[in-house]
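> File entry_38.cif below, mmCIF, C-alpha atoms:
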```
data_work
#
loop_
_atom_site.label_atom_id
_atom_site.label_comp_id
_atom_site.auth_asym_id
_atom_site.auth_seq_id
_atom_site.Cartn_x
_atom_site.Cartn_y
_atom_site.Cartn_z
CA MET R 1 21.63 38.57 6.68
CA TYR R 2 20.79 41.46 9.03
CA ILE R 3 23.15 40.16 11.71
CA ILE R 4 25.99 40.05 9.16
CA ILE R 5 25.36 43.69 8.24
CA ALA R 6 25.34 44.63 11.94
CA VAL R 7 28.66 42.82 12.52
CA ILE R 8 30.21 44.59 9.52
CA LEU R 9 29.09 47.94 10.90
CA VAL R 10 30.59 47.11 14.30
CA LEU R 11 33.90 46.33 12.59
CA VAL R 12 33.70 49.66 10.74
CA VAL R 13 33.22 51.50 14.06
CA ILE R 14 36.18 49.67 15.60
CA PHE R 15 38.30 50.61 12.56
CA LEU R 16 37.26 54.28 12.78
CA ILE R 17 38.10 54.44 16.49
CA ASN R 18 41.37 52.49 16.53
CA SER R 19 43.00 52.75 13.09
CA SER R 20 46.34 54.56 13.15
CA LYS R 21 45.70 55.66 9.56
CA LEU R 22 42.84 57.86 10.77
CA GLU R 23 44.67 59.35 13.75
CA GLY R 24 45.10 62.72 12.01
CA PHE R 25 41.46 62.79 10.95
CA ARG R 26 40.30 61.94 14.49
CA SER R 27 42.30 64.82 15.96
CA LYS R 28 41.14 67.38 13.37
CA ARG R 29 37.58 66.17 12.75
CA GLY R 30 36.68 64.62 16.06
CA ARG R 31 33.10 65.97 16.07
CA THR R 32 32.49 64.72 12.54
CA LEU R 33 33.82 61.28 13.46
CA GLU R 34 31.61 61.16 16.56
CA PHE R 35 28.59 61.97 14.38
CA PHE R 36 29.40 59.16 11.94
CA ILE R 37 30.01 56.70 14.78
CA SER R 38 26.71 57.70 16.39
CA LEU R 39 24.90 57.29 13.05
CA ILE R 40 26.47 53.88 12.43
CA SER R 41 25.61 52.80 16.00
CA THR R 42 21.97 53.63 15.29
CA PHE R 43 22.04 51.41 12.21
CA ILE R 44 23.74 48.65 14.21
CA GLY R 45 20.87 48.67 16.72
CA PHE R 46 18.35 48.74 13.87
CA PHE R 47 19.83 45.73 12.10
CA PHE R 48 20.21 43.78 15.35
CA ALA R 49 16.52 44.43 16.08
CA LEU R 50 15.54 43.32 12.57
CA SER R 51 17.61 40.16 12.96
CA LEU R 52 15.99 39.36 16.30
CA ASN R 53 12.48 39.98 14.94
CA THR R 54 13.20 37.73 11.96
CA MET R 55 14.45 34.95 14.23
CA LEU R 56 11.43 35.24 16.55
CA ALA R 57 9.02 35.29 13.59
CA ASP R 58 10.70 32.18 12.18
CA ILE R 59 10.38 30.36 15.51
CA ASN R 60 6.74 31.41 15.81
CA GLN R 61 5.93 30.20 12.29
CA LYS R 62 7.52 26.83 12.97
CA GLU R 63 5.53 26.49 16.20
CA ASN R 64 2.34 27.27 14.27
CA LEU R 65 3.19 24.60 11.70
CA VAL R 66 3.77 22.04 14.47
CA LYS R 67 0.33 22.86 15.90
CA LEU R 68 -1.22 22.49 12.45
CA LEU R 69 0.48 19.12 11.88
CA ASP R 70 -0.58 17.90 15.34
CA ALA R 71 -4.19 18.83 14.52
CA THR R 72 -3.88 17.18 11.11
CA ASN R 73 -2.60 13.96 12.68
CA LEU R 74 -5.60 13.96 15.02
CA SER R 75 -7.93 14.28 12.02
CA LEU R 76 -6.09 11.39 10.32
CA GLU R 77 -6.49 9.27 13.45
CA ASN R 78 -10.21 10.07 13.53
CA SER R 79 -10.44 9.00 9.91
CA GLU R 80 -8.65 5.76 10.79
CA MET R 81 -11.17 5.02 13.53
CA LYS R 82 -14.08 5.88 11.24
CA THR R 83 -12.72 3.68 8.44
CA LYS R 84 -12.39 0.73 10.80
CA GLY R 85 -15.58 1.25 12.77
CA MET R 86 -17.95 2.35 10.03
CA TYR R 87 -16.68 0.41 7.02
CA LEU R 88 -14.15 -2.38 7.57
CA ASN R 89 -15.49 -3.98 10.76
CA PRO R 90 -19.08 -4.20 9.41
CA ALA R 91 -17.70 -5.54 6.10
CA LYS R 92 -15.87 -8.31 7.98
CA SER R 93 -19.14 -9.12 9.73
CA GLY R 94 -20.86 -9.66 6.39
CA VAL R 95 -22.54 -6.25 6.02
CA ASP R 96 -22.65 -4.86 2.47
CA VAL R 97 -20.11 -2.03 2.62
CA SER R 98 -21.49 -0.53 -0.61
CA GLU R 99 -24.74 0.34 1.16
CA ILE R 100 -22.86 2.01 4.02
CA ILE R 101 -20.74 4.06 1.61
CA GLN R 102 -23.83 5.04 -0.37
CA TYR R 103 -25.30 6.78 2.68
CA SER R 104 -21.97 7.88 4.19
CA PRO R 105 -19.31 8.39 1.48
CA LEU R 106 -15.64 8.09 2.32
CA GLU R 107 -13.86 11.45 2.78
CA ILE R 108 -10.25 12.58 3.25
CA PRO R 109 -9.78 14.90 6.24
CA LYS R 110 -9.93 18.48 4.92
CA LEU R 111 -7.07 19.55 7.19
CA TYR R 112 -4.85 17.06 5.39
CA THR R 113 -5.79 17.98 1.83
CA ASN R 114 -5.44 21.69 2.64
CA LEU R 115 -1.78 21.25 3.59
CA GLU R 116 -0.88 21.34 -0.11
CA THR R 117 -1.76 25.04 -0.40
CA ASN R 118 -0.71 26.13 3.11
CA SER R 119 2.05 28.77 3.11
CA LEU R 120 3.67 27.32 6.26
CA VAL R 121 4.03 23.96 4.54
CA SER R 122 5.55 25.50 1.40
CA ASP R 123 7.98 27.57 3.52
CA TYR R 124 9.13 24.99 6.08
CA PHE R 125 8.49 21.45 4.79
CA LEU R 126 11.55 19.58 3.53
CA SER R 127 11.29 18.90 -0.20
CA ASN R 128 11.35 15.14 0.43
CA ALA R 129 8.58 15.49 3.02
CA PHE R 130 6.44 17.50 0.61
CA GLN R 131 7.01 14.88 -2.11
CA ALA R 132 5.93 12.13 0.30
CA TYR R 133 2.88 14.20 1.27
CA ILE R 134 1.86 14.67 -2.38
CA LEU R 135 2.19 10.94 -3.04
CA CYS R 136 0.05 10.12 0.02
CA ASN R 137 -2.54 12.76 -0.79
CA ASP R 138 -2.87 11.71 -4.44
CA ASN R 139 -3.26 8.06 -3.51
CA LEU R 140 -5.78 8.81 -0.77
CA GLN R 141 -7.88 10.77 -3.27
CA THR R 142 -7.69 7.85 -5.72
CA PHE R 143 -8.82 5.43 -3.01
CA VAL R 144 -11.71 7.70 -2.02
CA LYS R 145 -12.94 7.85 -5.63
CA GLY R 146 -12.63 4.08 -5.94
CA ALA R 147 -14.44 3.37 -2.68
CA ASN R 148 -17.24 5.80 -3.50
CA ALA R 149 -17.68 4.54 -7.08
CA ALA R 150 -21.18 3.20 -7.60
CA ASN R 151 -20.14 0.44 -10.01
CA ALA R 152 -17.44 -1.14 -7.78
CA SER R 153 -18.20 -4.37 -5.94
CA SER R 154 -18.25 -4.58 -2.14
CA GLU R 155 -15.23 -6.88 -2.23
CA LYS R 156 -13.23 -4.37 -4.27
CA LYS R 157 -14.32 -1.53 -2.02
CA THR R 158 -13.16 -3.45 1.03
CA LEU R 159 -9.71 -3.91 -0.50
CA ILE R 160 -9.59 -0.21 -1.35
CA LEU R 161 -10.58 0.70 2.21
CA GLU R 162 -7.76 -1.43 3.60
CA LYS R 163 -5.26 0.40 1.38
CA TYR R 164 -6.82 3.71 2.35
CA LEU R 165 -6.32 2.82 6.01
CA ALA R 166 -2.67 1.96 5.38
CA TYR R 167 -2.09 5.30 3.66
CA LEU R 168 -3.64 7.23 6.53
CA SER R 169 -0.95 5.69 8.73
CA LEU R 170 1.80 6.57 6.23
CA ALA R 171 0.51 10.15 6.01
CA LYS R 172 0.69 10.42 9.80
CA GLN R 173 4.25 9.14 9.82
CA VAL R 174 5.37 11.80 7.31
CA ASN R 175 3.80 14.53 9.44
CA THR R 176 5.36 13.13 12.60
CA LEU R 177 8.84 13.24 11.07
CA GLU R 178 8.32 16.90 10.19
CA ILE R 179 7.12 17.64 13.72
CA LYS R 180 10.20 15.99 15.21
CA ARG R 181 12.57 17.97 12.97
CA LEU R 182 10.79 21.27 13.62
CA ASN R 183 11.00 20.56 17.37
CA GLY R 184 14.72 19.81 17.09
CA GLU R 185 14.32 16.15 18.05
CA ILE R 186 15.94 14.85 14.84
CA SER R 187 18.31 16.36 12.28
CA GLU R 188 17.42 17.16 8.68
CA SER R 189 19.66 14.35 7.42
CA ASP R 190 18.03 11.83 9.77
CA GLU R 191 14.58 12.90 8.61
CA ASN R 192 15.57 12.62 4.95
CA ALA R 193 16.85 9.08 5.55
CA GLU R 194 13.54 8.10 7.17
CA LEU R 195 11.56 9.86 4.43
CA GLN R 196 13.33 7.83 1.76
CA LYS R 197 12.20 4.63 3.48
CA LEU R 198 8.65 5.95 3.84
CA THR R 199 8.50 7.05 0.20
CA LYS R 200 9.43 3.53 -0.90
CA ARG R 201 6.63 2.11 1.25
CA ILE R 202 4.18 4.67 -0.15
CA ILE R 203 5.09 3.72 -3.73
CA ASN R 204 5.10 -0.03 -3.06
CA ASN R 205 1.71 0.01 -1.30
CA GLN R 206 -0.13 1.53 -4.25
#
```
Render the structure in this file as structure tokens.

Amino acid sequence: MYIIIAVILVLVVIFLINSSKLEGFRSKRGRTLEFFISLISTFIGFFFALSLNTMLADINQKENLVKLLDATNLSLENSEMKTKGMYLNPAKSGVDVSEIIQYSPLEIPKLYTNLETNSLVSDYFLSNAFQAYILCNDNLQTFVKGANAANASSEKKTLILEKYLAYLSLAKQVNTLEIKRLNGEISESDENAELQKLTKRIINNQ
């Protein structure tokens, strides 16, 4: 927006200097015209500076979001390792997973759940990516409640943990697509096409 205003002002200056219709005014009111051109030039510099600052701030915000999503993916990977190592592998070995969960309840990574209220996410996430995130987050929370429920059998909890593990992977894939778009590695249309496929998998895996 600011760059458009600056360009318009440049065109106004060019018109004031070169228009044959203002030739008489330029000869009679040359000092006045110089003042107006100087004033307009000041505004041109101001709007160019605003435009540049806006662009740099936008780039900086996107870089911050990429860092946040990278950190979130690391926390999701840690949760994957914990789910396998602490719950699923012992369950496959015959250990009662209910006892493990009783002393160490299942938890969603806080970095992931906090994305929902993060201003960078609301400003820069694609709408389809945010929808996929909400679906993943809601299902992960449902799985956590089910796995931590005292009245659920160990067999049921094991099945829930396997679904939970699958959704951690889907959550990571959504974040990775956003990272690639923000880094300019894929286009918005390509990401939306991939997100549609992921959203179907998220819905079908419930």
> Residues around (-6.8, 0.3, 9.0), cut-off 12 Å, counting all atoms listed in the file - what are they as a ChimeraX atom specification?
/R:76-89,158-170
> Which of these residues is nearest to Leu120 (chain R), using only C-alpha atoms: R:Asn192, R:Ile202, R:Glu99, R:Glu63?
R:Glu63
> Pick out the residues sitting within 9 Å of Asn73 (chain R), and hand them over as a list in words; count all atoms listed in the file, and ignore anything fewer than 3 positions along from it in its own chain.
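Here the answer would be Leu68, Leu69, Asp70, Leu76, Glu77, Asn78, Tyr112, Ala171, Lys172, Gln173, Asn175 and Thr176 of chain R.
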> Given the selection you just returned, output its residues as a file containing C-alpha atoms, formatted as a PDB file, keeping the file's coordinate frame.

```
ATOM      1  CA  LEU R  68      -1.220  22.490  12.450  1.00  0.00           C
ATOM      2  CA  LEU R  69       0.480  19.120  11.880  1.00  0.00           C
ATOM      3  CA  ASP R  70      -0.580  17.900  15.340  1.00  0.00           C
ATOM      4  CA  LEU R  76      -6.090  11.390  10.320  1.00  0.00           C
ATOM      5  CA  GLU R  77      -6.490   9.270  13.450  1.00  0.00           C
ATOM      6  CA  ASN R  78     -10.210  10.070  13.530  1.00  0.00           C
ATOM      7  CA  TYR R 112      -4.850  17.060   5.390  1.00  0.00           C
ATOM      8  CA  ALA R 171       0.510  10.150   6.010  1.00  0.00           C
ATOM      9  CA  LYS R 172       0.690  10.420   9.800  1.00  0.00           C
ATOM     10  CA  GLN R 173       4.250   9.140   9.820  1.00  0.00           C
ATOM     11  CA  ASN R 175       3.800  14.530   9.440  1.00  0.00           C
ATOM     12  CA  THR R 176       5.360  13.130  12.600  1.00  0.00           C
TER      13      THR R 176
END
```
